[in-house]
$ cat structure-v3.csv   # CSV, C-alpha atoms and all ligand atoms
chain,number,residue,atom,x,y,z
A,1,MET,CA,49.9,68.2,-31.4
A,2,LEU,CA,49.4,67.4,-27.7
A,3,ILE,CA,49.4,70.6,-25.7
A,4,ARG,CA,49.1,70.3,-22.0
A,5,LYS,CA,48.5,73.1,-19.5
A,6,LEU,CA,51.9,73.7,-18.1
A,7,ARG,CA,51.9,74.1,-14.3
A,8,GLY,CA,54.6,75.6,-12.2
A,9,TRP,CA,56.1,72.2,-11.5
A,10,ASN,CA,55.8,71.0,-15.1
A,11,MET,CA,57.3,73.8,-17.1
A,12,PRO,CA,59.8,73.4,-19.9
A,13,GLU,CA,62.8,72.0,-18.2
A,14,ARG,CA,65.2,74.7,-19.4
A,15,LEU,CA,63.2,76.9,-17.0
A,16,VAL,CA,62.9,74.7,-14.0
A,17,THR,CA,66.0,72.6,-13.9
A,18,PRO,CA,68.8,75.0,-13.2
A,19,GLU,CA,71.0,72.1,-12.3
A,20,SER,CA,70.7,70.6,-15.8
A,21,VAL,CA,71.0,74.0,-17.4
A,22,MET,CA,74.4,74.4,-15.8
A,23,LEU,CA,75.4,70.9,-16.9
A,24,GLY,CA,74.1,71.7,-20.4
A,25,ARG,CA,76.5,74.6,-20.5
A,26,ARG,CA,79.3,72.4,-19.3
A,27,ALA,CA,78.5,69.9,-22.1
A,28,ALA,CA,78.8,72.7,-24.6
A,29,LEU,CA,82.0,73.9,-23.2
A,30,ALA,CA,83.4,70.4,-23.2
A,31,GLY,CA,82.5,70.1,-26.8
A,32,VAL,CA,80.7,66.9,-26.1
A,33,ALA,CA,77.5,66.1,-28.0
A,34,SER,CA,74.8,65.7,-25.3
A,35,ILE,CA,72.4,62.8,-25.2
A,36,VAL,CA,69.6,65.2,-25.9
A,37,ALA,CA,71.1,66.2,-29.3
A,38,ALA,CA,71.0,62.6,-30.4
A,39,VAL,CA,67.3,62.2,-29.6
A,40,PRO,CA,64.7,63.0,-32.2
A,41,ALA,CA,62.7,66.1,-31.5
A,42,HIS,CA,59.4,64.3,-31.0
A,43,ALA,CA,61.0,62.0,-28.5
A,44,GLN,CA,62.5,64.9,-26.7
A,45,TRP,CA,59.0,66.4,-26.5
A,46,ALA,CA,57.6,63.2,-25.0
A,47,ASN,CA,60.5,63.0,-22.6
A,48,LEU,CA,60.2,66.6,-21.4
A,49,PHE,CA,56.5,66.5,-21.0
A,50,GLY,CA,56.1,63.1,-19.4
A,51,GLY,CA,55.7,60.7,-22.3
A,52,ALA,CA,54.9,57.0,-21.8
A,53,PRO,CA,57.5,55.1,-19.8
A,54,ALA,CA,60.0,53.3,-21.9
A,55,ARG,CA,59.6,50.1,-19.9
A,56,PRO,CA,56.9,48.5,-17.7
A,57,GLU,CA,57.1,49.7,-14.1
A,58,GLN,CA,58.9,47.3,-11.7
A,59,PRO,CA,56.6,45.8,-9.1
A,60,ARG,CA,56.8,47.3,-5.6
A,61,LYS,CA,56.3,45.2,-2.5
A,62,PRO,CA,54.1,46.4,0.3
A,63,LEU,CA,56.1,47.5,3.4
A,64,VAL,CA,54.4,47.6,6.7
A,65,ALA,CA,55.8,49.9,9.4
A,66,SER,CA,54.2,52.1,12.0
A,67,ARG,CA,54.3,55.8,11.5
A,68,ASN,CA,56.5,57.9,13.8
A,69,ASP,CA,54.4,60.9,14.6
A,70,ARG,CA,57.3,62.9,16.0
A,71,TYR,CA,57.9,64.4,12.6
A,72,VAL,CA,55.0,66.5,11.5
A,73,ALA,CA,54.9,67.6,7.9
A,74,GLY,CA,52.4,70.5,8.4
A,75,ARG,CA,51.3,70.2,4.8
A,76,ALA,CA,49.5,67.7,2.6
A,77,ILE,CA,51.2,64.6,1.4
A,78,THR,CA,52.1,64.9,-2.3
A,79,GLU,CA,50.0,62.7,-4.5
A,80,GLU,CA,52.0,59.5,-5.0
A,81,ARG,CA,52.0,59.6,-8.8
A,82,GLN,CA,53.5,63.1,-8.8
A,83,ALA,CA,56.3,62.0,-6.4
A,84,ILE,CA,57.2,59.0,-8.5
A,85,THR,CA,57.1,60.6,-12.0
A,86,TYR,CA,58.9,63.9,-11.4
A,87,ASN,CA,62.5,63.0,-10.5
A,88,ASN,CA,66.1,64.0,-10.5
A,89,PHE,CA,68.2,61.0,-11.2
A,90,TYR,CA,71.0,62.1,-13.6
A,91,GLU,CA,72.3,58.5,-14.0
A,92,PHE,CA,69.2,58.0,-16.1
A,93,GLY,CA,69.2,61.4,-17.9
A,94,MET,CA,68.8,65.0,-17.2
A,95,SER,CA,65.0,65.1,-17.8
A,96,LYS,CA,62.5,65.1,-14.9
A,97,SER,CA,60.8,62.2,-16.7
A,98,VAL,CA,63.4,59.5,-16.2
A,99,TYR,CA,61.0,57.1,-14.5
A,100,GLY,CA,60.7,55.1,-17.7
A,101,ALA,CA,64.4,54.8,-18.2
A,102,ALA,CA,65.0,54.0,-14.5
A,103,GLN,CA,63.0,50.8,-14.7
A,104,ALA,CA,66.2,49.3,-16.1
A,105,LEU,CA,67.8,49.5,-12.6
A,106,VAL,CA,68.6,45.9,-11.4
A,107,LEU,CA,67.5,45.8,-7.7
A,108,ASP,CA,68.0,42.2,-6.8
A,109,PRO,CA,70.5,41.2,-5.6
A,110,TRP,CA,71.7,44.4,-3.8
A,111,SER,CA,74.4,44.8,-1.3
A,112,VAL,CA,75.9,47.7,0.5
A,113,GLU,CA,79.6,48.0,1.3
A,114,ILE,CA,80.3,49.5,4.7
A,115,ALA,CA,83.9,50.7,4.5
A,116,GLY,CA,86.6,53.0,5.8
A,117,LEU,CA,87.3,53.9,9.4
A,118,VAL,CA,85.0,51.3,11.1
A,119,ALA,CA,85.5,48.4,13.4
A,120,LYS,CA,83.8,46.0,11.0
A,121,PRO,CA,84.2,46.8,7.3
A,122,GLN,CA,81.7,44.5,5.5
A,123,LYS,CA,79.6,44.0,2.5
A,124,ILE,CA,76.0,43.3,3.6
A,125,GLY,CA,73.1,42.1,1.5
A,126,LEU,CA,70.1,44.5,1.7
A,127,GLU,CA,67.8,41.8,3.3
A,128,ASP,CA,70.4,41.1,6.0
A,129,LEU,CA,70.8,44.8,6.7
A,130,LEU,CA,67.0,45.2,7.0
A,131,LYS,CA,66.8,42.3,9.5
A,132,ARG,CA,69.0,44.4,11.8
A,133,MET,CA,67.3,47.8,11.3
A,134,PRO,CA,64.1,48.9,12.9
A,135,LEU,CA,61.7,50.0,10.2
A,136,GLU,CA,59.3,52.9,10.6
A,137,GLU,CA,57.4,55.4,8.5
A,138,ARG,CA,58.1,59.2,8.6
A,139,ILE,CA,56.5,62.0,6.7
A,140,TYR,CA,59.2,64.4,5.5
A,141,ARG,CA,59.2,67.5,3.4
A,142,HIS,CA,61.7,67.4,0.6
A,143,ARG,CA,63.1,70.7,-0.9
A,144,CYS,CA,65.1,70.6,-4.1
A,145,VAL,CA,67.6,73.4,-4.6
A,146,GLU,CA,65.7,74.1,-7.9
A,147,THR,CA,62.8,75.3,-5.7
A,148,TRP,CA,60.3,72.5,-6.1
A,149,ALA,CA,59.2,70.6,-3.0
A,150,MET,CA,57.2,67.5,-2.1
A,151,THR,CA,56.0,65.8,1.1
A,152,VAL,CA,56.6,62.1,1.2
A,153,PRO,CA,55.8,59.2,3.6
A,154,TRP,CA,59.2,57.3,3.6
A,155,THR,CA,59.6,53.9,5.1
A,156,GLY,CA,63.1,53.2,6.4
A,157,PHE,CA,65.4,53.3,9.5
A,158,PRO,CA,67.5,56.0,11.2
A,159,LEU,CA,70.9,56.4,9.7
A,160,ALA,CA,72.2,56.5,13.3
A,161,LYS,CA,71.3,52.8,13.7
A,162,LEU,CA,73.5,52.0,10.7
A,163,VAL,CA,76.3,54.2,12.1
A,164,GLU,CA,76.0,52.3,15.4
A,165,MET,CA,76.2,48.9,13.6
A,166,ALA,CA,79.3,50.0,11.7
A,167,GLU,CA,81.2,51.1,14.8
A,168,PRO,CA,83.2,54.1,13.5
A,169,GLN,CA,86.7,54.6,14.8
A,170,PRO,CA,87.5,57.8,16.7
A,171,GLU,CA,89.2,59.3,13.7
A,172,ALA,CA,86.1,59.0,11.5
A,173,LYS,CA,84.5,62.5,11.0
A,174,TYR,CA,82.5,62.1,7.8
A,175,VAL,CA,80.2,59.6,6.2
A,176,VAL,CA,80.4,59.3,2.4
A,177,PHE,CA,77.5,57.8,0.3
A,178,THR,CA,78.1,56.3,-3.2
A,179,THR,CA,75.4,55.6,-5.7
A,180,LEU,CA,75.6,52.6,-8.1
A,181,ALA,CA,77.4,53.4,-11.4
A,182,ASP,CA,76.4,50.8,-14.0
A,183,ALA,CA,76.9,52.0,-17.5
A,184,LYS,CA,74.9,49.1,-18.9
A,185,THR,CA,71.7,50.2,-17.3
A,186,MET,CA,72.3,54.0,-16.7
A,187,PRO,CA,72.5,56.0,-19.9
A,188,GLY,CA,73.6,59.2,-18.1
A,189,LEU,CA,76.9,57.6,-17.4
A,190,GLY,CA,77.7,58.1,-21.1
A,191,GLN,CA,78.2,61.7,-20.3
A,192,ARG,CA,81.9,61.2,-19.4
A,193,PHE,CA,82.6,64.7,-18.0
A,194,TYR,CA,80.3,64.1,-15.1
A,195,PRO,CA,82.1,63.0,-11.9
A,196,TRP,CA,80.5,59.5,-11.7
A,197,PRO,CA,79.7,57.8,-9.4
A,198,TYR,CA,77.3,60.2,-7.6
A,199,THR,CA,78.7,60.8,-4.2
A,200,GLU,CA,77.4,62.7,-1.2
A,201,GLY,CA,78.5,63.2,2.4
A,202,LEU,CA,77.5,64.2,5.9
A,203,THR,CA,79.5,64.9,9.0
A,204,LEU,CA,79.3,62.1,11.5
A,205,ALA,CA,77.3,64.3,13.8
A,206,GLU,CA,74.8,64.9,11.0
A,207,ALA,CA,74.6,61.2,10.2
A,208,ARG,CA,73.9,60.5,13.9
A,209,ASN,CA,71.2,63.2,14.0
A,210,GLU,CA,67.8,61.7,14.6
A,211,LEU,CA,66.4,63.2,11.4
A,212,ALA,CA,68.9,61.5,9.0
A,213,PHE,CA,66.9,58.6,7.6
A,214,MET,CA,67.7,55.7,5.2
A,215,ALA,CA,64.6,55.1,3.1
A,216,VAL,CA,63.8,51.7,1.5
A,217,GLY,CA,60.2,52.6,0.8
A,218,MET,CA,57.6,55.3,0.1
A,219,TYR,CA,53.8,55.4,0.3
A,220,GLY,CA,53.8,52.0,2.0
A,221,LYS,CA,55.7,50.1,-0.7
A,222,THR,CA,59.3,49.5,-1.6
A,223,LEU,CA,60.9,52.5,-3.5
A,224,PRO,CA,60.5,52.7,-7.2
A,225,PRO,CA,63.8,52.7,-9.1
A,226,GLN,CA,63.4,56.4,-10.1
A,227,ASN,CA,63.2,57.5,-6.4
A,228,GLY,CA,66.5,55.7,-5.5
A,229,ALA,CA,65.6,52.1,-4.9
A,230,PRO,CA,66.4,50.0,-3.0
A,231,LEU,CA,68.1,52.3,-0.5
A,232,ARG,CA,68.4,56.1,-0.4
A,233,LEU,CA,69.2,58.9,2.0
A,234,ALA,CA,66.6,61.4,3.3
A,235,VAL,CA,68.1,64.5,5.0
A,236,PRO,CA,65.1,66.9,4.9
A,237,TRP,CA,66.8,70.0,6.4
A,238,LYS,CA,69.2,70.0,3.4
A,239,TYR,CA,68.6,70.6,-0.3
A,240,GLY,CA,67.5,67.5,-2.2
A,241,PHE,CA,70.8,66.8,-3.9
A,242,LYS,CA,72.3,65.7,-0.5
A,243,SER,CA,69.8,62.8,-0.5
A,244,ALA,CA,71.8,60.3,-2.5
A,245,LYS,CA,69.9,57.5,-4.3
A,246,SER,CA,70.5,53.8,-4.9
A,247,ILE,CA,73.4,53.6,-2.5
A,248,VAL,CA,76.0,50.8,-2.8
A,249,LYS,CA,78.7,52.1,-0.4
A,250,ILE,CA,78.8,53.9,2.9
A,251,GLU,CA,82.3,54.9,3.9
A,252,PHE,CA,83.6,56.5,7.1
A,253,SER,CA,86.4,59.0,6.5
A,254,ALA,CA,88.6,61.4,8.4
A,255,LYS,CA,88.6,63.8,5.4
A,256,ARG,CA,85.7,65.8,4.1
A,257,PRO,CA,84.7,64.4,0.7
A,258,THR,CA,84.3,66.5,-2.4
A,259,THR,CA,80.8,65.6,-3.5
A,260,TYR,CA,79.4,65.1,-7.0
A,261,TRP,CA,77.8,68.5,-7.3
A,262,GLU,CA,80.6,70.3,-5.5
A,263,SER,CA,83.1,69.0,-8.0
A,264,LEU,CA,80.9,70.1,-10.9
A,265,GLN,CA,80.3,73.6,-9.5
A,266,ASP,CA,81.5,74.4,-6.0
A,267,SER,CA,80.4,78.0,-6.2
A,268,GLU,CA,76.7,76.9,-6.5
A,269,TYR,CA,76.5,73.5,-4.7
A,270,GLY,CA,78.5,73.1,-1.6
A,271,PHE,CA,79.1,70.4,1.0
A,272,TRP,CA,76.6,71.7,3.6
A,273,ALA,CA,73.6,72.7,1.5
A,274,ASN,CA,71.3,73.5,4.4
A,275,VAL,CA,68.0,75.1,3.4
A,276,ASN,CA,67.8,78.8,4.0
A,277,PRO,CA,65.3,81.1,2.3
A,278,ASP,CA,67.5,84.1,3.0
A,279,VAL,CA,70.5,82.9,1.2
A,280,PRO,CA,69.8,82.9,-2.6
A,281,HIS,CA,71.5,80.5,-5.0
A,282,PRO,CA,73.9,82.5,-7.2
A,283,ARG,CA,71.3,82.3,-10.0
A,284,TRP,CA,67.9,82.4,-8.3
A,285,SER,CA,66.1,83.1,-5.0
A,286,GLN,CA,65.5,80.4,-2.4
A,287,ALA,CA,62.7,82.4,-0.7
A,288,THR,CA,59.8,80.3,-2.0
A,289,GLU,CA,59.0,76.9,-3.4
A,290,THR,CA,56.4,75.2,-5.6
A,291,LEU,CA,54.7,72.1,-4.3
A,292,LEU,CA,54.6,69.2,-6.8
A,293,GLY,CA,51.1,68.8,-8.2
A,294,SER,CA,49.9,72.3,-7.3
A,295,ASP,CA,50.3,75.9,-8.6
A,296,GLU,CA,50.9,77.1,-5.2
A,297,ARG,CA,54.1,78.9,-4.3
A,298,VAL,CA,54.8,78.8,-0.6
A,299,PRO,CA,57.5,80.4,1.6
A,300,THR,CA,60.5,78.3,2.2
A,301,LYS,CA,61.4,77.8,5.9
A,302,MET,CA,64.8,78.0,7.5
A,303,TRP,CA,66.3,74.5,7.8
A,304,ASN,CA,63.3,73.5,5.7
A,305,GLY,CA,61.3,73.8,9.0
A,306,TYR,CA,63.5,71.3,10.9
A,307,GLY,CA,65.5,73.8,13.0
A,308,GLU,CA,64.5,72.3,16.4
A,309,PHE,CA,66.2,69.1,15.4
A,310,VAL,CA,69.3,70.4,13.6
A,311,ALA,CA,70.2,74.0,14.3
A,312,ASP,CA,72.3,73.2,17.3
A,313,MET,CA,74.7,71.1,15.2
A,314,TYR,CA,75.9,74.3,13.4
A,315,LYS,CA,76.6,76.6,16.4
A,316,GLY,CA,79.9,78.3,16.1
A,317,MET,CA,80.4,77.3,12.4
A,318,SER,CA,79.7,80.8,10.9
A,319,ASN,CA,83.0,80.5,9.0
A,320,GLU,CA,81.5,77.7,6.9
A,321,LYS,CA,79.3,78.2,3.9
A,322,LEU,CA,76.4,76.4,5.6
A,323,PHE,CA,73.6,77.4,3.2
A,324,MET,CA,74.9,76.4,-0.3
A,401,LIG,N1,72.4,59.2,-7.4
A,401,LIG,C1,71.6,60.3,-7.5
A,401,LIG,N2,71.0,60.7,-6.3
A,401,LIG,C2,70.3,61.9,-6.4
A,401,LIG,C3,70.2,62.6,-7.6
A,401,LIG,C4,70.8,62.1,-8.7
A,401,LIG,O1,70.8,62.7,-9.8
A,401,LIG,N3,71.5,60.9,-8.6
A,401,LIG,N4,69.5,63.8,-7.6
A,401,LIG,C5,69.3,64.5,-6.3
A,401,LIG,C6,68.3,65.6,-6.3
A,401,LIG,S1,68.9,67.0,-7.1
A,401,LIG,C7,67.1,65.5,-5.8
A,401,LIG,S2,66.1,66.8,-5.7
A,401,LIG,C8,66.6,64.2,-5.2
A,401,LIG,C9,65.3,63.9,-6.0
A,401,LIG,O2,64.7,62.8,-5.4
A,401,LIG,P1,63.3,62.2,-6.0
A,401,LIG,O3,63.6,62.0,-7.5
A,401,LIG,O4,63.0,61.0,-5.2
A,401,LIG,O5,62.3,63.4,-5.9
A,401,LIG,O6,67.5,63.1,-5.4
A,401,LIG,C10,68.9,63.5,-5.2
A,401,LIG,N5,69.7,62.3,-5.2
A,402,MO,MO,67.5,68.6,-6.4

$ encode --input "structure-v3.csv" --output "structure tokens"
Amino acid sequence: MLIRKLRGWNMPERLVTPESVMLGRRAALAGVASIVAAVPAHAQWANLFGGAPARPEQPRKPLVASRNDRYVAGRAITEERQAITYNNFYEFGMSKSVYGAAQALVLDPWSVEIAGLVAKPQKIGLEDLLKRMPLEERIYRHRCVETWAMTVPWTGFPLAKLVEMAEPQPEAKYVVFTTLADAKTMPGLGQRFYPWPYTEGLTLAEARNELAFMAVGMYGKTLPPQNGAPLRLAVPWKYGFKSAKSIVKIEFSAKRPTTYWESLQDSEYGFWANVNPDVPHPRWSQATETLLGSDERVPTKMWNGYGEFVADMYKGMSNEKLFM
């Protein structure tokens, strides 16, 4: 039997994926046989511990963009292979090793619907959108609510530029992001009690904040499917689940949306989800984090270290649950 040394970031998933543990309980409560139960034990083992991808990896195109040095990571960039083989993408399954399954995602053609309270509702092809957006590279820290973290060079454009292009009406207060939901290619969608499609949201002020970034690439190439190709959000001062992947719709709304995780468990995963080491998750501490690819556990920083850019947005909002 293949026994690998288990590192902090590669432990049995029942220990490191509190999000899926919670969903597993829900599945049991709902009396629904989970996908996992239908998979033979040896395949589960392979899946949990990073077995061979089920399909060949999709090719990624080089993306050239100059680096914006205003955003300093202050820690080493995560080794690329780690960042693209340890994922959360529930549409493809609850395992961290969904990268094989995710190769089924059909990336071309791709278009994004810009909808709701805007001057110009439109459906725009990804290539047309990219012609209108200024590409740059930014190195951001990413902090999952489950306490693992990575540091990634993303290529993309400021979300503020897309907001500007959409011309929101004065009544628009929120921006809602919707992920593709394609049952043919996404086996996770068979779990009917999940509130598909995956949705996330920001206030309009957050969406206009200079840190809010739409990524189309990482490590100088287009995104791999498992990391949310062809277009995902990166909001590094918030827990990772806010950064919706494989976005097909961006809607401007007067009403605060109920997001995917909020509708599953609002006592644990809220709308704001700003990183704060002093506010524990109801089931674990948020004081420290494990960097992917290392055994190191390092202190988590307030706002994930991005306070200078974002803290002012939350002044006078102490009645909101800003940190879960
Ligand atoms: N559509 C969709 N977006 C998603 C998720 C998901 O399951 N589905 N997982 C979120 C979580 S919990 C995290 S930590 C990040 C993980 O991004 P990565 O796989 O690129 O590290 O994606 C977020 N975006
Ligand atoms: Mo996460």

$ closest_atom_pairs --input "structure-v3.csv" --of "chain A" --to "ligand MO 402 (chain A)" --cutoff "12 Å" --atoms "only C-alpha atoms and all ligand atoms" --output "CSV"
residue,atom,partner,partner_atom,distance
A:Val16,CA,A:MO402,MO,10.8
A:Thr17,CA,A:MO402,MO,8.6
A:Pro18,CA,A:MO402,MO,9.4
A:Glu19,CA,A:MO402,MO,7.7
A:Ser20,CA,A:MO402,MO,10.1
A:Tyr86,CA,A:MO402,MO,11.0
A:Asn87,CA,A:MO402,MO,8.6
A:Asn88,CA,A:MO402,MO,6.3
A:Phe89,CA,A:MO402,MO,9.0
A:Tyr90,CA,A:MO402,MO,10.3
A:Met94,CA,A:MO402,MO,11.5
A:Lys96,CA,A:MO402,MO,10.5
A:His142,CA,A:MO402,MO,9.2
A:Arg143,CA,A:MO402,MO,7.3
A:Cys144,CA,A:MO402,MO,3.9
A:Val145,CA,A:MO402,MO,5.1
A:Glu146,CA,A:MO402,MO,6.0
A:Thr147,CA,A:MO402,MO,8.2
A:Trp148,CA,A:MO402,MO,8.2
A:Ala149,CA,A:MO402,MO,9.2
A:Met150,CA,A:MO402,MO,11.2
A:Asn227,CA,A:MO402,MO,11.9
A:Pro236,CA,A:MO402,MO,11.7
A:Lys238,CA,A:MO402,MO,10.0
A:Tyr239,CA,A:MO402,MO,6.5
A:Gly240,CA,A:MO402,MO,4.3
A:Phe241,CA,A:MO402,MO,4.5
A:Lys242,CA,A:MO402,MO,8.1
A:Ser243,CA,A:MO402,MO,8.6
A:Ala244,CA,A:MO402,MO,10.1
A:Lys245,CA,A:MO402,MO,11.5
A:Trp261,CA,A:MO402,MO,10.3
A:Tyr269,CA,A:MO402,MO,10.4
A:Ala273,CA,A:MO402,MO,10.8
A:Val275,CA,A:MO402,MO,11.8

$ residues_around --input "structure-v3.csv" --residues "Leu135 in chain A" --least-positions-apart "5" --cutoff "6 Å" --atoms "all atoms listed in the file" --output "PyMOL selection string"
chain A and resi 65+156-157

$ closest_residue --input "structure-v3.csv" --among "A:Val72, A:Leu162, A:Met313, A:Ala181" --to "ligand LIG 401 (chain A)" --atoms "all atoms listed in the file"
A:Ala181

$ atom_distance --input "structure-v3.csv" --atom1 "CA of Ile114 in chain A" --atom2 "CA of Thr179 in chain A"
13.0 Å

$ atom_distance --input "structure-v3.csv" --atom1 "CA of Trp237 in chain A" --atom2 "CA of Leu107 in chain A"
28.0 Å

$ atom_distance --input "structure-v3.csv" --atom1 "CA of Glu164 in chain A" --atom2 "CA of Glu210 in chain A"
12.5 Å

$ closest_residue --input "structure-v3.csv" --among "A:Ile77, A:Ala119, A:Leu189, A:Ala83" --to "ligand LIG 401 (chain A)" --atoms "all atoms listed in the file"
A:Ala83

$ closest_residue --input "structure-v3.csv" --among "A:Gly270, A:Pro195, A:Pro158, A:Gly116" --to "Lys321 in chain A" --atoms "only C-alpha atoms"
A:Gly270

$ closest_residue --input "structure-v3.csv" --among "A:Glu320, A:Glu206, A:Glu91, A:Asp312" --to "Gly188 in chain A" --atoms "all atoms listed in the file"
A:Glu91

$ closest_residue --input "structure-v3.csv" --among "A:Lys315, A:Arg67, A:Arg55, A:Arg283" --to "Arg138 in chain A" --atoms "only C-alpha atoms"
A:Arg67

$ closest_residue --input "structure-v3.csv" --among "A:Asp182, A:Glu308, A:Glu136, A:Asp266" --to "ligand LIG 401 (chain A)" --atoms "only C-alpha atoms and all ligand atoms"
A:Asp182

$ residues_around --input "structure-v3.csv" --residues "Leu105 in chain A" --least-positions-apart "2" --cutoff "8 Å" --atoms "all atoms listed in the file" --output "list in words"
Ala102, Gln103, Leu107, Thr185, Met186 and Pro225 of chain A

$ build_atoms --input "structure-v3.csv" --residues "range 264-271 of chain A" --atoms "all heavy atoms" --output "short mmCIF file (atom, residue, chain, number, x, y, z; two decimals), in the coordinates of the input"
data_model
loop_
_atom_site.label_atom_id
_atom_site.label_comp_id
_atom_site.auth_asym_id
_atom_site.auth_seq_id
_atom_site.Cartn_x
_atom_site.Cartn_y
_atom_site.Cartn_z
N LEU A 264 81.38 69.50 -9.63
CA LEU A 264 80.90 70.10 -10.90
C LEU A 264 80.90 71.63 -10.79
O LEU A 264 81.26 72.31 -11.74
CB LEU A 264 79.46 69.63 -11.18
CG LEU A 264 79.33 68.31 -11.90
CD1 LEU A 264 77.89 67.84 -11.89
CD2 LEU A 264 79.83 68.42 -13.34
N GLN A 265 80.45 72.16 -9.66
CA GLN A 265 80.30 73.60 -9.50
C GLN A 265 80.27 73.99 -8.06
O GLN A 265 79.22 74.15 -7.45
CB GLN A 265 78.93 74.00 -10.20
CG GLN A 265 78.74 75.47 -10.43
CD GLN A 265 79.53 75.99 -11.62
OE1 GLN A 265 80.65 75.54 -11.89
NE2 GLN A 265 78.96 76.93 -12.34
N ASP A 266 81.47 74.17 -7.50
CA ASP A 266 81.50 74.40 -6.00
C ASP A 266 81.02 75.77 -5.63
O ASP A 266 80.70 75.99 -4.47
CB ASP A 266 82.90 74.08 -5.48
CG ASP A 266 83.97 75.01 -6.02
OD1 ASP A 266 83.66 75.84 -6.89
OD2 ASP A 266 85.12 74.90 -5.56
N SER A 267 80.91 76.70 -6.59
CA SER A 267 80.40 78.00 -6.20
C SER A 267 78.86 78.01 -6.09
O SER A 267 78.27 78.98 -5.64
CB SER A 267 80.80 79.05 -7.28
OG SER A 267 80.26 78.69 -8.53
N GLU A 268 78.21 76.92 -6.52
CA GLU A 268 76.70 76.90 -6.50
C GLU A 268 76.21 75.73 -5.59
O GLU A 268 75.09 75.82 -5.10
CB GLU A 268 76.19 76.69 -7.89
CG GLU A 268 76.61 77.84 -8.81
CD GLU A 268 75.84 77.89 -10.11
OE1 GLU A 268 75.05 76.96 -10.38
OE2 GLU A 268 76.03 78.86 -10.84
N TYR A 269 76.97 74.66 -5.47
CA TYR A 269 76.50 73.50 -4.70
C TYR A 269 77.59 73.02 -3.80
O TYR A 269 78.55 72.39 -4.23
CB TYR A 269 76.10 72.36 -5.71
CG TYR A 269 75.16 72.84 -6.80
CD1 TYR A 269 75.61 73.11 -8.07
CD2 TYR A 269 73.81 73.04 -6.51
CE1 TYR A 269 74.76 73.57 -9.07
CE2 TYR A 269 72.95 73.51 -7.49
CZ TYR A 269 73.42 73.76 -8.76
OH TYR A 269 72.57 74.22 -9.73
N GLY A 270 77.43 73.33 -2.51
CA GLY A 270 78.50 73.10 -1.60
C GLY A 270 78.32 71.77 -0.81
O GLY A 270 77.42 70.97 -1.09
N PHE A 271 79.15 71.59 0.19
CA PHE A 271 79.10 70.40 1.00
C PHE A 271 77.88 70.46 1.98
O PHE A 271 77.20 69.47 2.21
CB PHE A 271 80.36 70.23 1.83
CG PHE A 271 80.29 69.12 2.84
CD1 PHE A 271 80.44 67.80 2.44
CD2 PHE A 271 80.03 69.38 4.19
CE1 PHE A 271 80.34 66.76 3.36
CE2 PHE A 271 79.94 68.35 5.12
CZ PHE A 271 80.10 67.04 4.70
#
